[in-house]
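Enquirer: My structure file protein_39.cif, mmCIF, C-alpha atoms, is below:
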data_final
loop_
_atom_site.label_atom_id
_atom_site.label_comp_id
_atom_site.auth_asym_id
_atom_site.auth_seq_id
_atom_site.Cartn_x
_atom_site.Cartn_y
_atom_site.Cartn_z
CA MET A 154 -13.32 -33.68 52.40
CA GLY A 155 -12.82 -37.42 52.83
CA GLU A 156 -10.15 -39.43 54.56
CA VAL A 157 -7.58 -41.36 52.56
CA ILE A 158 -6.42 -44.36 54.58
CA ALA A 159 -3.68 -46.74 53.45
CA VAL A 160 -3.77 -50.24 54.92
CA VAL A 161 -0.15 -51.23 55.41
CA SER A 162 1.52 -54.22 57.07
CA GLY A 163 5.12 -54.63 56.09
CA LYS A 164 4.82 -58.41 56.04
CA GLY A 165 2.85 -60.20 53.35
CA GLY A 166 -0.17 -62.44 53.94
CA VAL A 167 -1.23 -60.60 57.06
CA GLY A 168 -4.68 -59.68 55.79
CA LYS A 169 -4.41 -56.23 54.20
CA THR A 170 -6.79 -57.04 51.37
CA THR A 171 -9.25 -58.78 53.68
CA LEU A 172 -9.24 -55.78 56.01
CA THR A 173 -9.53 -53.24 53.19
CA GLY A 174 -12.49 -55.05 51.60
CA ASN A 175 -14.38 -55.75 54.80
CA LEU A 176 -13.63 -52.36 56.36
CA GLY A 177 -14.95 -50.72 53.21
CA ILE A 178 -18.21 -52.68 53.42
CA ALA A 179 -18.54 -52.00 57.16
CA LEU A 180 -18.03 -48.25 56.61
CA SER A 181 -20.59 -48.34 53.83
CA GLU A 182 -23.06 -50.06 56.21
CA LEU A 183 -22.55 -47.10 58.56
CA GLY A 184 -23.73 -44.80 55.78
CA PHE A 185 -20.41 -43.51 54.45
CA SER A 186 -19.47 -43.33 50.79
CA VAL A 187 -16.43 -45.54 50.28
CA ILE A 188 -14.03 -46.28 47.47
CA LEU A 189 -11.29 -48.90 47.56
CA ILE A 190 -8.08 -48.68 45.52
CA ASP A 191 -5.98 -51.75 44.89
CA ALA A 192 -2.45 -50.37 45.10
CA ASP A 193 -0.91 -53.82 45.30
CA LEU A 194 0.11 -53.38 41.70
CA ALA A 195 2.14 -56.57 41.36
CA MET A 196 0.07 -59.00 43.44
CA ALA A 197 -3.39 -57.55 42.99
CA ASN A 198 -6.36 -59.47 44.34
CA LEU A 199 -8.80 -56.97 45.79
CA SER A 200 -10.89 -57.33 42.64
CA LEU A 201 -11.24 -61.08 43.30
CA LEU A 202 -12.36 -60.45 46.87
CA MET A 203 -14.87 -57.79 45.80
CA GLY A 204 -16.33 -60.05 43.11
CA LEU A 205 -15.21 -58.15 40.02
CA LYS A 206 -14.83 -60.21 36.88
CA THR A 207 -11.72 -59.19 34.87
CA PRO A 208 -12.37 -55.44 34.81
CA PRO A 209 -11.32 -53.97 31.44
CA ILE A 210 -9.92 -50.71 32.84
CA THR A 211 -7.82 -50.79 35.99
CA ILE A 212 -5.63 -48.59 38.17
CA HIS A 213 -2.73 -49.59 35.91
CA ASP A 214 -4.40 -47.80 32.99
CA VAL A 215 -5.01 -44.76 35.18
CA LEU A 216 -1.41 -44.68 36.40
CA LEU A 217 -0.18 -45.09 32.83
CA GLY A 218 -2.24 -42.06 31.94
CA SER A 219 -4.22 -43.94 29.29
CA SER A 220 -7.57 -43.83 31.15
CA ALA A 221 -9.43 -41.43 33.41
CA VAL A 222 -9.96 -42.39 37.06
CA GLU A 223 -13.75 -42.37 36.62
CA ASP A 224 -13.50 -45.09 33.96
CA ALA A 225 -11.74 -47.45 36.39
CA ILE A 226 -14.42 -47.27 39.11
CA TYR A 227 -16.64 -50.34 39.51
CA ASP A 228 -19.53 -51.27 41.80
CA GLY A 229 -18.63 -53.61 44.64
CA PRO A 230 -20.89 -55.10 47.31
CA LYS A 231 -23.08 -52.89 49.55
CA GLY A 232 -22.53 -49.72 47.54
CA VAL A 233 -18.75 -49.80 47.88
CA LYS A 234 -16.87 -48.55 44.81
CA VAL A 235 -13.68 -50.30 43.73
CA ILE A 236 -10.71 -49.33 41.58
CA PRO A 237 -9.09 -52.70 40.84
CA ALA A 238 -5.53 -53.35 39.72
CA GLY A 239 -4.71 -55.27 36.56
CA LEU A 240 -3.46 -58.78 36.77
CA SER A 241 -1.06 -58.48 33.85
CA LEU A 242 2.60 -58.46 34.87
CA SER A 243 3.68 -56.77 31.66
CA VAL A 244 1.55 -53.74 32.47
CA TYR A 245 2.90 -53.69 36.02
CA THR A 246 6.47 -53.14 34.85
CA ARG A 247 5.56 -49.96 33.01
CA VAL A 248 3.39 -48.33 35.61
CA ASP A 249 4.29 -45.18 37.57
CA SER A 250 2.99 -45.86 41.08
CA GLU A 251 3.86 -42.35 42.24
CA ARG A 252 0.86 -41.03 40.30
CA LEU A 253 -1.28 -42.65 42.98
CA VAL A 254 -0.96 -39.41 44.95
CA THR A 255 -2.88 -37.52 42.25
CA VAL A 256 -5.49 -40.28 41.96
CA ALA A 257 -6.18 -40.25 45.71
CA LYS A 258 -6.36 -36.46 45.72
CA SER A 259 -8.98 -36.46 42.98
CA LEU A 260 -11.16 -38.95 44.89
CA LYS A 261 -10.81 -37.32 48.29
CA ASN A 262 -13.47 -34.71 47.58
CA LYS A 263 -16.01 -37.22 46.27
CA TYR A 264 -15.95 -39.93 48.95
CA ASP A 265 -16.02 -40.01 52.74
CA PHE A 266 -13.38 -42.74 52.78
CA VAL A 267 -10.75 -43.72 50.22
CA LEU A 268 -9.14 -46.97 51.36
CA ILE A 269 -5.85 -48.00 49.74
CA ASP A 270 -4.85 -51.66 49.81
CA SER A 271 -1.08 -51.35 49.78
CA PRO A 272 1.48 -54.00 48.82
CA ALA A 273 3.71 -55.80 51.30
CA GLY A 274 7.24 -54.58 52.00
CA ILE A 275 8.58 -51.04 52.16
CA GLU A 276 9.44 -50.60 48.51
CA LYS A 277 8.56 -47.82 46.07
CA ASN A 278 4.93 -48.91 45.59
CA VAL A 279 4.35 -48.94 49.33
CA LEU A 280 5.86 -45.46 49.63
CA ALA A 281 3.47 -44.32 46.91
CA ALA A 282 0.48 -45.78 48.78
CA MET A 283 1.66 -44.18 52.00
CA SER A 284 2.23 -40.75 50.54
CA ALA A 285 -1.12 -40.86 48.74
CA SER A 286 -2.89 -41.27 52.08
CA SER A 287 -3.71 -38.85 54.85
CA GLN A 288 -3.50 -41.58 57.49
CA ILE A 289 -2.05 -45.07 57.71
CA LEU A 290 -3.68 -48.04 59.37
CA LEU A 291 -1.23 -50.79 60.23
CA ILE A 292 -2.25 -54.42 60.33
CA THR A 293 -0.26 -57.17 61.99
CA GLU A 294 -0.56 -60.73 63.19
CA PRO A 295 0.22 -61.34 66.87
CA THR A 296 3.59 -62.90 66.02
CA ALA A 297 7.13 -61.49 66.32
CA PRO A 298 8.01 -61.40 62.57
CA SER A 299 4.76 -59.66 61.72
CA VAL A 300 5.05 -57.08 64.50
CA ALA A 301 8.69 -56.44 63.52
CA ASP A 302 7.66 -55.73 59.93
CA ALA A 303 4.78 -53.52 61.05
CA PHE A 304 7.26 -51.57 63.13
CA LYS A 305 9.51 -51.08 60.10
CA ALA A 306 6.51 -49.88 58.08
CA LYS A 307 5.74 -47.40 60.85
CA ILE A 308 9.31 -46.04 60.73
CA VAL A 309 9.06 -45.57 56.95
CA ALA A 310 5.72 -43.78 57.36
CA GLN A 311 7.25 -41.44 59.91
CA ARG A 312 10.12 -40.70 57.54
CA LEU A 313 7.57 -39.62 54.97
CA ASN A 314 5.93 -37.49 57.67
CA GLN A 315 2.73 -39.53 57.39
CA ARG A 316 0.43 -40.09 60.35
CA VAL A 317 -0.08 -43.66 61.52
CA MET A 318 -3.51 -43.76 63.13
CA GLY A 319 -3.31 -47.17 64.79
CA VAL A 320 -2.97 -50.90 64.42
CA VAL A 321 -5.37 -53.76 63.74
CA ILE A 322 -4.38 -57.19 65.02
CA ASN A 323 -5.50 -59.96 62.71
CA LYS A 324 -5.66 -63.75 63.06
CA VAL A 325 -5.86 -63.65 66.85
CA SER A 326 -6.29 -67.17 68.20
CA ASN A 327 -5.09 -66.63 71.78
CA ALA A 328 -2.59 -69.44 71.28
CA LYS A 329 0.34 -69.84 73.62
CA GLY A 330 3.16 -67.50 72.66
CA GLU A 331 0.97 -65.02 70.78
CA ILE A 332 1.83 -61.40 71.47
CA SER A 333 -1.03 -59.75 73.30
CA GLU A 334 -2.87 -56.67 72.07
CA LYS A 335 -1.46 -54.66 74.99
CA GLU A 336 2.11 -55.70 74.17
CA ILE A 337 1.66 -54.83 70.49
CA MET A 338 0.28 -51.41 71.40
CA LYS A 339 3.26 -50.86 73.69
CA MET A 340 5.81 -52.05 71.10
CA LEU A 341 4.39 -50.01 68.25
CA GLU A 342 3.37 -47.09 70.48
CA LEU A 343 0.04 -47.00 68.69
CA PRO A 344 -3.60 -47.39 69.70
CA SER A 345 -5.34 -50.60 68.74
CA PHE A 346 -8.28 -50.30 66.38
CA GLY A 347 -9.39 -53.83 67.15
CA LYS A 348 -8.64 -57.51 66.94
CA VAL A 349 -9.94 -59.86 64.29
CA PRO A 350 -10.10 -63.47 65.47
CA TYR A 351 -8.47 -66.18 63.39
CA SER A 352 -11.39 -67.86 61.72
CA GLU A 353 -12.02 -70.64 59.31
CA GLU A 354 -14.90 -68.54 57.96
CA ILE A 355 -12.48 -66.07 56.39
CA ARG A 356 -10.41 -68.86 54.86
CA GLU A 357 -13.59 -70.52 53.68
CA SER A 358 -14.78 -67.33 51.98
CA PHE A 359 -11.60 -67.45 49.87
CA LEU A 360 -12.29 -71.03 48.81
CA LEU A 361 -15.70 -70.32 47.30
CA LYS A 362 -16.14 -70.40 43.54
CA LYS A 363 -17.01 -66.74 43.82
CA ILE A 364 -14.89 -65.30 46.60
CA LYS A 365 -16.82 -63.13 49.00
CA PRO A 366 -15.79 -60.78 51.80
CA THR A 367 -16.66 -62.13 55.26
CA LEU A 368 -19.21 -59.36 55.81
CA ILE A 369 -21.17 -60.71 52.84
CA HIS A 370 -20.49 -64.42 53.23
CA ASN A 371 -20.94 -64.62 57.00
CA PRO A 372 -22.36 -61.29 58.18
CA ASN A 373 -23.10 -62.46 61.72
CA SER A 374 -19.76 -64.11 62.41
CA SER A 375 -17.42 -62.85 65.11
CA SER A 376 -14.89 -61.73 62.50
CA ALA A 377 -17.58 -59.74 60.65
CA ASN A 378 -18.47 -58.03 63.92
CA SER A 379 -14.80 -57.27 64.50
CA PHE A 380 -14.62 -55.50 61.14
CA ARG A 381 -17.75 -53.51 62.09
CA HIS A 382 -16.11 -52.53 65.37
CA ILE A 383 -12.98 -51.38 63.52
CA ALA A 384 -15.15 -49.37 61.09
CA ARG A 385 -16.88 -47.60 63.99
CA LYS A 386 -13.50 -46.74 65.46
CA VAL A 387 -12.03 -45.57 62.14
CA SER A 388 -15.04 -43.38 61.39
CA GLY A 389 -15.31 -41.95 64.88
CA LYS A 390 -18.83 -43.42 65.19
CA GLU A 391 -17.78 -45.29 68.32
CA ILE A 392 -17.09 -42.01 70.08
CA GLU A 393 -20.42 -40.63 68.85
CA ILE A 394 -22.28 -43.70 70.19
CA ALA A 395 -20.44 -43.48 73.52
CA LEU A 396 -21.26 -39.78 73.81
CA GLU A 397 -24.92 -40.45 72.93
CA GLU A 398 -25.12 -43.19 75.58
CA GLU A 399 -23.49 -40.88 78.11
CA LYS A 400 -26.01 -38.17 77.22
CA ASN A 401 -28.93 -40.55 77.62
CA LYS A 402 -27.70 -41.78 80.98
CA LYS A 403 -29.82 -40.31 83.74
CA PRO A 404 -28.68 -39.96 87.33
CA LEU A 405 -29.90 -42.81 89.52
CA PHE A 406 -32.26 -40.69 91.56
CA ALA A 407 -33.79 -38.92 88.54
CA GLY A 408 -34.29 -42.30 86.85
CA LEU A 409 -36.08 -43.63 89.93
CA VAL A 410 -38.42 -40.62 90.10
CA MET A 411 -39.21 -40.99 86.37
CA ALA A 412 -39.99 -44.69 86.82
CA LEU A 413 -42.29 -43.97 89.78
CA LYS A 414 -44.03 -41.18 87.86
CA LYS A 415 -44.65 -43.52 84.92
CA MET A 416 -46.00 -46.20 87.25
CA PHE A 417 -48.41 -43.82 88.95
CA SER A 418 -49.64 -42.27 85.73
CA LYS A 419 -50.45 -45.78 84.41
CA ASN A 420 -52.36 -46.64 87.62
CA LYS A 421 -54.30 -43.38 87.40
CA LYS A 422 -55.32 -44.13 83.83
CA LYS A 423 -56.55 -47.58 84.90
CA GLU A 424 -58.65 -46.04 87.68
CA MET B 230 22.81 -69.32 92.78
CA PHE B 231 19.16 -70.13 93.41
CA SER B 232 18.05 -68.60 90.08
CA ALA B 233 20.71 -70.58 88.21
CA ILE B 234 19.48 -73.84 89.75
CA SER B 235 15.86 -72.86 89.07
CA LYS B 236 16.71 -72.14 85.41
CA LEU B 237 18.51 -75.48 85.08
CA VAL B 238 15.59 -77.40 86.62
CA THR B 239 13.11 -75.58 84.33
CA ARG B 240 15.22 -76.38 81.28
CA ILE B 241 15.60 -80.07 82.20
CA SER B 242 11.90 -80.48 83.01
CA ALA B 243 10.93 -78.75 79.75
CA LYS B 244 13.18 -81.19 77.85
CA VAL B 245 11.81 -84.21 79.72
CA LEU B 246 8.18 -83.14 79.30
CA ASN B 247 8.83 -82.08 75.69
CA VAL B 248 7.39 -78.62 76.32
CA GLU B 249 8.05 -75.96 73.68
CA ASP B 250 9.57 -72.68 74.82
CA TYR B 251 7.20 -69.81 74.07
CA SER B 252 9.10 -67.09 75.89
CA ARG B 253 10.36 -64.23 73.75
CA ASP B 254 13.93 -63.31 74.66
CA ASN B 255 13.52 -59.72 73.56
CA CYS B 256 13.96 -60.79 69.94
CA LEU B 257 12.50 -57.47 68.89
CA SER B 258 14.48 -55.37 71.35
CA SER B 259 17.08 -54.08 68.87
CA LEU B 260 14.33 -52.99 66.50
CA LEU B 261 12.17 -51.48 69.21
CA GLU B 262 15.07 -49.41 70.50
CA TYR B 263 14.68 -47.25 67.39
CA LYS B 264 13.16 -43.89 68.17
CA PRO B 265 11.71 -41.61 65.51
CA ILE B 266 13.88 -38.63 64.66
CA PHE B 267 12.30 -35.25 65.27
CA ILE B 268 14.67 -32.54 64.12
CA HIS B 269 15.02 -29.50 66.33
CA SER B 270 17.67 -27.15 65.01
CA VAL B 271 18.20 -23.51 64.15
CA ASP B 272 21.33 -24.06 62.07
CA LEU B 273 20.86 -25.16 58.45
CA THR B 274 23.96 -27.38 58.29
CA ASP B 275 23.06 -29.05 61.57
CA PHE B 276 19.51 -29.53 60.25
CA LEU B 277 20.86 -31.19 57.08
CA MET B 278 23.13 -33.45 59.16
CA LYS B 279 20.12 -34.69 61.13
CA LEU B 280 17.95 -34.94 58.02
CA ARG B 281 20.62 -37.14 56.47
CA VAL B 282 20.36 -39.55 59.40
CA LYS B 283 16.56 -39.49 59.35
CA HIS B 284 16.31 -40.34 55.66
CA LEU B 285 19.29 -42.71 55.56
CA ILE B 286 21.19 -40.79 52.92
CA ASN B 287 24.90 -40.02 52.77
CA ASP B 288 25.02 -36.33 51.96
CA ILE B 289 22.94 -33.28 51.11
CA ILE B 290 24.21 -30.15 49.34
CA ILE B 291 22.17 -27.06 48.58
CA THR B 292 23.42 -24.46 46.13
CA ASP B 293 21.85 -21.44 44.52
CA LEU B 294 21.41 -21.28 40.75
CA ASP B 295 24.93 -19.90 40.27
CA GLY B 296 26.45 -22.90 42.01
CA VAL B 297 27.25 -21.06 45.25
CA ILE B 298 26.96 -23.39 48.23
CA VAL B 299 24.11 -22.49 50.58
CA ALA B 300 24.70 -25.42 52.94
CA SER B 301 26.40 -28.80 52.74
CA THR B 302 27.10 -31.93 54.71
CA SER B 303 29.79 -32.98 52.22
CA LYS B 304 33.29 -31.82 51.34
CA ASP B 305 32.73 -32.78 47.72
CA LEU B 306 31.73 -29.25 46.71
CA LYS B 307 32.70 -29.38 43.03
CA GLU B 308 29.40 -31.21 42.41
CA GLY B 309 27.71 -27.90 43.17
CA PHE B 310 29.40 -26.01 40.34
CA LYS B 311 28.96 -28.83 37.83
CA SER B 312 25.28 -29.20 38.57
CA ALA B 313 24.51 -25.50 38.51
CA ALA B 314 25.90 -25.41 34.99
CA MET B 315 23.82 -28.46 34.10
CA TYR B 316 20.70 -26.85 35.56
CA ASN B 317 21.21 -23.66 33.59
CA TYR B 318 21.60 -25.68 30.41
CA ILE B 319 18.45 -27.79 31.04
CA ASN B 320 16.47 -24.77 32.10
CA SER B 321 17.38 -22.90 28.95
CA GLU B 322 16.15 -25.84 26.86
CA LEU B 323 13.13 -26.95 28.92
CA ASN B 324 12.16 -24.05 31.10
CA LYS B 325 8.60 -25.15 31.87
CA LEU B 326 9.52 -28.13 34.04
CA SER B 327 8.54 -27.85 37.70
CA ILE B 328 11.04 -30.45 38.86
CA ILE B 329 14.09 -31.95 37.23
CA LEU B 330 15.67 -35.07 38.70
CA ILE B 331 19.01 -36.42 37.52
CA GLU B 332 20.67 -39.55 38.87
CA SER B 333 24.40 -39.74 38.37
CA ASP B 334 27.13 -41.63 40.21
CA GLY B 335 25.11 -42.09 43.41
CA TRP B 336 24.07 -38.44 43.39
CA HIS B 337 20.48 -37.37 43.00
CA ILE B 338 20.40 -33.88 41.62
CA ILE B 339 17.09 -32.10 42.01
CA PHE B 340 16.16 -28.78 40.56
CA LYS B 341 12.96 -27.59 42.00
CA ASN B 342 11.77 -24.20 43.07
CA GLN B 343 13.80 -21.95 40.77
CA GLU B 344 15.79 -20.77 43.79
CA ASN B 345 17.92 -23.67 44.95
CA ILE B 346 19.44 -26.84 43.57
CA TYR B 347 19.48 -29.86 45.86
CA PHE B 348 21.98 -32.70 45.71
CA MET B 349 21.60 -35.90 47.64
CA LYS B 350 24.04 -38.77 47.70
CA ALA B 351 22.60 -42.17 48.55
CA ASN B 352 23.88 -45.71 48.20
CA ASP B 353 20.60 -46.79 46.67
CA SER B 354 18.25 -45.11 44.27
CA LEU B 355 15.86 -42.68 45.97
CA SER B 356 12.26 -42.59 44.84
CA ARG B 357 10.68 -39.31 43.75
CA ILE B 358 8.46 -39.50 46.83
CA GLU B 359 11.46 -39.67 49.18
CA VAL B 360 13.25 -36.89 47.33
CA THR B 361 10.18 -34.65 47.44
CA THR B 362 9.66 -35.33 51.16
CA ILE B 363 13.29 -34.36 51.91
CA ILE B 364 13.07 -31.18 49.83
CA ASP B 365 9.76 -30.23 51.45
CA GLU B 366 11.39 -30.58 54.87
CA ILE B 367 14.34 -28.41 53.79
CA ASP B 368 12.03 -25.81 52.24
CA GLY B 369 9.92 -25.78 55.42
CA PHE B 370 13.05 -25.19 57.47
CA LEU B 371 14.31 -22.44 55.15
CA LYS B 372 10.95 -20.66 55.33
CA CYS B 373 11.11 -20.76 59.13
CA ILE B 374 14.59 -19.30 59.45
CA VAL B 375 14.22 -16.58 56.81
#
Show this structure as structure tokens.
Expert:
Amino acid sequence: MGEVIAVVSGKGGVGKTTLTGNLGIALSELGFSVILIDADLAMANLSLLMGLKTPPITIHDVLLGSSAVEDAIYDGPKGVKVIPAGLSLSVYTRVDSERLVTVAKSLKNKYDFVLIDSPAGIEKNVLAAMSASSQILLITEPTAPSVADAFKAKIVAQRLNQRVMGVVINKVSNAKGEISEKEIMKMLELPSFGKVPYSEEIRESFLLKKIKPTLIHNPNSSSANSFRHIARKVSGKEIEIALEEEKNKKPLFAGLVMALKKMFSKNKKKE
Amino acid sequence: MFSAISKLVTRISAKVLNVEDYSRDNCLSSLLEYKPIFIHSVDLTDFLMKLRVKHLINDIIITDLDGVIVASTSKDLKEGFKSAAMYNYINSELNKLSIILIESDGWHIIFKNQENIYFMKANDSLSRIEVTTIIDEIDGFLKCIV
């Protein structure tokens, strides 16, 4: 059974869509099957980031009950599947966002990760995204208004008895006055899943004729690596790698004996 | 005395040097004082009182299908009788519905599990998700105490 994770921020423009798209690709790179749902029903743009050209069937049609979920699934980059939201405002007014719970449930058994890109705020659509998920990943900028809104989102999640797994700090530039990762963790009482540096590369990737996620546009950039780090943490791979490294660590003395043995066996062969 | 002078000197020098103030005077303190509400109670009315605070609603009333009050945080009990009658009417017409939600005069009337009727008064409209979460918490509590 897969994990359904809603990416929530409270404040708008923090980087929910960027995180959802890039985290999805990074998880896919790790070998997981991933599907992204654009639950930002009014201000949808995940489809633009994932390079989908005006998809005919969207999450709006699914929530309206006029299309099956399977018909709204499209191929994104690196094997990631995407359920985009429609851009039409007239459709948005008629949609029942609370059906998102059923949609997420139906996808949970088919994918390792279902990532929900939620809207800003703490309104009905956000509640729907939260309650459709099994865990919530908060994202904030290292500024007071953003952390305050993330805190409010956390309170709402707790009211709905949803688990908040941690926080991602985006647009970190280490400028004077920025709230540090430690402080944010202390304020929100949550573990940090990583920091994404403020980068022109991300902004640049949004200016291209065909918008691309950072992991595709600039796969070796520091921000791309940050998304990979977050993906390892989200998937638990980081713990696996740490455990593997720990397992492979040999005691100093044993390592020395092994090295000497190797050296002697090579010399013997030469003789 | 010394700290007051030090503060004054810092302020004047910051003004003279045109240095921006980056210190945060606990601007988030009021928000961060909030602590999540975990309800520990063995009494149903006390549980509803705390649930009311947790979910920012004004009142919760639970009645059985005959309109008899099971528990309430409100004195406005006549709602119970009215709504039980309404439930019985709706149920006789549309008896296959798993949940019925009626909004009237700030009250959210929810018929759910064929055993109880729930009434919630809120200043703003409650979403179905919030209503379901509250009922699930009440049902969980009722299961525990029975």
Enquirer: In terms of the shortest atom-to-atom distance over all atoms listed in the file, which of B:Asn317, B:Ser259, B:Thr302, B:Ser312 is closest to chain A?
Expert: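 Result for the nearest residue to chain A: B:Ser259.
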Enquirer: Calculated over only C-alpha atoms, which of the candidates B:Thr239, B:Ser321, B:Thr362, B:Thr292 has the smallest distance to chain A?
Expert: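 Using only C-alpha atoms, the shortest distance to chain A belongs to B:Thr362.
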Enquirer: I need the contact residues of chain A against chain B, so if you could list those with any atom within 8 Å, counting only C-alpha atoms, and return them as a VMD selection string, that would help.
Expert: chain A and resid 251 277 280 to 281 284 297 301 304 308 311 to 314 329 to 330 340 to 341
Enquirer: Write the residues of the preceding selection, restricted to C-alpha atoms, as an mmCIF file, in the coordinates of the input.
Expert:
data_model
loop_
_atom_site.group_PDB
_atom_site.id
_atom_site.type_symbol
_atom_site.label_atom_id
_atom_site.label_comp_id
_atom_site.auth_asym_id
_atom_site.auth_seq_id
_atom_site.Cartn_x
_atom_site.Cartn_y
_atom_site.Cartn_z
ATOM 1 C CA GLU A 251 3.860 -42.350 42.240
ATOM 2 C CA LYS A 277 8.560 -47.820 46.070
ATOM 3 C CA LEU A 280 5.860 -45.460 49.630
ATOM 4 C CA ALA A 281 3.470 -44.320 46.910
ATOM 5 C CA SER A 284 2.230 -40.750 50.540
ATOM 6 C CA ALA A 297 7.130 -61.490 66.320
ATOM 7 C CA ALA A 301 8.690 -56.440 63.520
ATOM 8 C CA PHE A 304 7.260 -51.570 63.130
ATOM 9 C CA ILE A 308 9.310 -46.040 60.730
ATOM 10 C CA GLN A 311 7.250 -41.440 59.910
ATOM 11 C CA ARG A 312 10.120 -40.700 57.540
ATOM 12 C CA LEU A 313 7.570 -39.620 54.970
ATOM 13 C CA ASN A 314 5.930 -37.490 57.670
ATOM 14 C CA LYS A 329 0.340 -69.840 73.620
ATOM 15 C CA GLY A 330 3.160 -67.500 72.660
ATOM 16 C CA MET A 340 5.810 -52.050 71.100
ATOM 17 C CA LEU A 341 4.390 -50.010 68.250
#
Enquirer: Could you work out how far atom CA of A:Lys169 lies from atom CA of A:Ser299, giving the answer in Å with one decimal?
Expert: 12.3 Å
Enquirer: How many Å separate atom CA of A:Asn175 from atom CA of A:Lys365?
Expert: 9.7 Å
Enquirer: I'd like to know which of A:Ser375, A:Ser326, A:Ser162, A:Ser345 is closest to A:Thr293, using only C-alpha atoms.
Expert: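 Looking at the shortest contact to A:Thr293, the residue is A:Ser162.
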Enquirer: Can you list, as a PyMOL selection string, the residues that the PyMOL selection byres ((chain B and resi 295) around 10) selects here?
Expert: chain B and resi 292-294+296-298+309-310+312-314+316-317+344-346
Enquirer: May I ask for the distance between atom CA of B:Ala243 and atom CA of A:Glu294, given in Å to one decimal place?
Expert: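 Rounded to one decimal, the two atoms are 27.0 Å apart.
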Enquirer: Which one is closest to A:Ala221: A:Val157, A:Ser333, A:Lys390, A:Ser259? Count all atoms listed in the file.
Expert: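 Residue with the minimum atom-to-atom distance to A:Ala221: A:Ser259.
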Enquirer: Would you kindly translate the PyMOL selection byres ((chain A and resi 164-166) around 12) into the concrete residues it picks from this file, as a ChimeraX atom specification?
Expert: /A:160-163,167-172,193,196,198,271-276,279,291-294,296-306,323-324
Enquirer: Let me see the file: selected residues, C-alpha atoms, as a short mmCIF file (atom, residue, chain, number, x, y, z; two decimals), in the frame of the given file.
Expert:
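To be explicit, this is the file written out as selection_31.cif:
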data_model
loop_
_atom_site.label_atom_id
_atom_site.label_comp_id
_atom_site.auth_asym_id
_atom_site.auth_seq_id
_atom_site.Cartn_x
_atom_site.Cartn_y
_atom_site.Cartn_z
CA VAL A 160 -3.77 -50.24 54.92
CA VAL A 161 -0.15 -51.23 55.41
CA SER A 162 1.52 -54.22 57.07
CA GLY A 163 5.12 -54.63 56.09
CA VAL A 167 -1.23 -60.60 57.06
CA GLY A 168 -4.68 -59.68 55.79
CA LYS A 169 -4.41 -56.23 54.20
CA THR A 170 -6.79 -57.04 51.37
CA THR A 171 -9.25 -58.78 53.68
CA LEU A 172 -9.24 -55.78 56.01
CA ASP A 193 -0.91 -53.82 45.30
CA MET A 196 0.07 -59.00 43.44
CA ASN A 198 -6.36 -59.47 44.34
CA SER A 271 -1.08 -51.35 49.78
CA PRO A 272 1.48 -54.00 48.82
CA ALA A 273 3.71 -55.80 51.30
CA GLY A 274 7.24 -54.58 52.00
CA ILE A 275 8.58 -51.04 52.16
CA GLU A 276 9.44 -50.60 48.51
CA VAL A 279 4.35 -48.94 49.33
CA LEU A 291 -1.23 -50.79 60.23
CA ILE A 292 -2.25 -54.42 60.33
CA THR A 293 -0.26 -57.17 61.99
CA GLU A 294 -0.56 -60.73 63.19
CA THR A 296 3.59 -62.90 66.02
CA ALA A 297 7.13 -61.49 66.32
CA PRO A 298 8.01 -61.40 62.57
CA SER A 299 4.76 -59.66 61.72
CA VAL A 300 5.05 -57.08 64.50
CA ALA A 301 8.69 -56.44 63.52
CA ASP A 302 7.66 -55.73 59.93
CA ALA A 303 4.78 -53.52 61.05
CA PHE A 304 7.26 -51.57 63.13
CA LYS A 305 9.51 -51.08 60.10
CA ALA A 306 6.51 -49.88 58.08
CA ASN A 323 -5.50 -59.96 62.71
CA LYS A 324 -5.66 -63.75 63.06
#
Enquirer: Could you tell me which residues the PyMOL selection byres ((chain A and resi 289) around 9) returns for this structure, as a ChimeraX atom specification?
Expert: /A:157-161,283,286-288,290-291,307,310,315-320
Enquirer: Mind checking which residues fall within 9 Å of B:Asn287, counting all atoms listed in the file, ignoring those fewer than 3 positions away in the same chain, and posting them as a list in words?
Expert: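 Here the qualifying residues turn out to be Arg281, Val282, Thr302, Ser303, Met349, Lys350, Ala351 and Asn352 of chain B.
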Enquirer: What would the file look like if the residues just selected were written as an mmCIF file, in the coordinates of the input with C-alpha atoms?
Expert:
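So the final result, stored in selection-v8.cif, reads:
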data_model
loop_
_atom_site.group_PDB
_atom_site.id
_atom_site.type_symbol
_atom_site.label_atom_id
_atom_site.label_comp_id
_atom_site.auth_asym_id
_atom_site.auth_seq_id
_atom_site.Cartn_x
_atom_site.Cartn_y
_atom_site.Cartn_z
ATOM 1 C CA ARG B 281 20.620 -37.140 56.470
ATOM 2 C CA VAL B 282 20.360 -39.550 59.400
ATOM 3 C CA THR B 302 27.100 -31.930 54.710
ATOM 4 C CA SER B 303 29.790 -32.980 52.220
ATOM 5 C CA MET B 349 21.600 -35.900 47.640
ATOM 6 C CA LYS B 350 24.040 -38.770 47.700
ATOM 7 C CA ALA B 351 22.600 -42.170 48.550
ATOM 8 C CA ASN B 352 23.880 -45.710 48.200
#
Enquirer: Name the residues in contact with A:Gly229 at a cut-off of 9 Å, using all atoms listed in the file, excluding same-chain residues fewer than 4 positions from it; report them as a list in words.
Expert: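 Returned residues: Ile178, Ser200, Met203, Gly204, Leu205, Val233, Lys234 and Val235 of chain A.
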Enquirer: Give as a list in words every residue, naming chains and numbers as the document does, that has an atom within 12 Å of (11.2, -24.1, 59.9), counting only C-alpha atoms.
Expert: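 Residues close enough to count: Ile268, His269, Ser270, Val271, Asp272, Leu273, Phe276, Asp365, Glu366, Ile367, Asp368, Gly369, Phe370, Leu371, Lys372, Cys373, Ile374 and Val375 of chain B.
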